[in-house]
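Trainee: The structure is given below, and queries will be raised subsequently.
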Amino acid sequence: MPDQTEPQLTDKRRTRRAKIAKPLRVRPSEPRDEHFEDLPVSVNASKDGIFFQTRRKGYYKGMRVFVTFPFTSQHDPMNCEYVAEVVRVEELPNNRYGVALHFLMTVNYSAGGPPGTTTRG
């Protein structure tokens, strides 16, 4: 019989995740954060977020970032950029970090509207 005092872990995800390995580009969106461009590969993704592994230190819970997913090149008109928030950072073996992002908004540059047009997700 299971111990009734064990805490129940709750999964806060609203949508299922699919294992998908695609390149992405991550950049900070807040001027207070040091500028960087991280080009990791996703581990899994859903319509609401993405999880990836990186060697880059400095991600923190609550950090806002721009995410291009999937990312092929800087000039690809099919790129879709999101504003996202870091919801989890895990320390992994071999000086790696797991980073979970929650998409807050889509920034559409090539969806027929003028540059900077935004839609809420």
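Just remember, in the structure tokens the first chain shown is A, the second B, etc., residues are 1-based per chain, and ligands are 1-based in the order shown.
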Within segment 30-109 of chain A, find each residue whose DSSP state, derived from the backbone, is strand (DSSP E), and express the selection as a PyMOL selection string.
Mentor: chain A and resi 41-45+49-54+64-68+81-92+96-108
Trainee: Can I get the selection written as a tab-separated table (two decimals), in the first residue's frame, with C-alpha atoms?
Mentor:
chain	number	residue	atom	x	y	z
A	41	VAL	CA	18.69	21.66	-30.24
A	42	SER	CA	15.29	20.94	-28.71
A	43	VAL	CA	14.62	17.80	-26.68
A	44	ASN	CA	10.83	18.10	-26.73
A	45	ALA	CA	8.18	20.67	-27.59
A	49	GLY	CA	6.61	25.54	-24.81
A	50	ILE	CA	9.90	23.85	-25.44
A	51	PHE	CA	12.66	22.08	-23.52
A	52	PHE	CA	16.30	22.10	-24.60
A	53	GLN	CA	19.77	21.37	-23.27
A	54	THR	CA	22.66	23.83	-23.39
A	64	ARG	CA	12.27	36.50	-20.74
A	65	VAL	CA	13.78	35.43	-24.05
A	66	PHE	CA	13.16	35.57	-27.79
A	67	VAL	CA	13.00	32.05	-29.27
A	68	THR	CA	13.08	31.18	-32.96
A	81	GLU	CA	9.82	33.90	-33.26
A	82	TYR	CA	8.24	33.76	-29.82
A	83	VAL	CA	8.57	35.70	-26.60
A	84	ALA	CA	8.98	33.07	-23.88
A	85	GLU	CA	9.66	32.79	-20.17
A	86	VAL	CA	12.09	30.39	-18.53
A	87	VAL	CA	9.99	28.24	-16.19
A	88	ARG	CA	12.65	25.72	-15.13
A	89	VAL	CA	16.44	25.32	-15.21
A	90	GLU	CA	17.94	21.92	-14.37
A	91	GLU	CA	21.61	21.27	-13.72
A	92	LEU	CA	22.64	18.23	-15.79
A	96	ARG	CA	25.01	21.07	-19.20
A	97	TYR	CA	21.68	22.67	-18.29
A	98	GLY	CA	18.13	21.73	-19.16
A	99	VAL	CA	15.94	24.76	-19.84
A	100	ALA	CA	12.13	24.72	-20.06
A	101	LEU	CA	10.41	27.65	-21.76
A	102	HIS	CA	6.75	28.68	-21.82
A	103	PHE	CA	5.67	30.61	-24.93
A	104	LEU	CA	3.96	33.90	-24.05
A	105	MET	CA	3.49	35.50	-27.45
A	106	THR	CA	4.27	34.97	-31.14
A	107	VAL	CA	6.13	37.70	-32.97
A	108	ASN	CA	5.23	37.42	-36.66
Trainee: If you count only C-alpha atoms, which residues fall within 9 Å of Glu37 of chain A, apart from same-chain ones fewer than 4 positions away, as a PyMOL selection string?
Mentor: chain A and resi 25-28
Trainee: What does the distance between atom CA of Asp33 of chain A and atom CA of Met78 of chain A come to in Å, to one decimal place?
Mentor: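 According to the coordinates, atom CA of Asp33 of chain A and atom CA of Met78 of chain A are separated by 27.4 Å.
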Trainee: Which of these, A:His35, A:Lys47, A:Thr72, A:Pro77, has the shortest distance to Tyr59 of chain A once you count only C-alpha atoms?
Mentor: A:His35
Trainee: Would you mind telling me which residue in A:Asp76, A:Phe71, A:Ala18, A:Lys61 lies nearest to Asp38 of chain A when using only C-alpha atoms?
Mentor: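 Of all the options, A:Phe71 lies closest to Asp38 of chain A.
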Trainee: Quick one: distance from atom CA of Phe36 of chain A to atom CA of Lys19 of chain A in Å, one decimal?
Mentor: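 Taking atom CA of Phe36 of chain A and atom CA of Lys19 of chain A, their separation equals 26.0 Å.
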Trainee: Can you work out which one of A:Glu34, A:Pro93, A:Arg16, A:Ser29 has the shortest atom-to-atom distance to Gly62 of chain A, counting only C-alpha atoms?
Mentor: A:Ser29
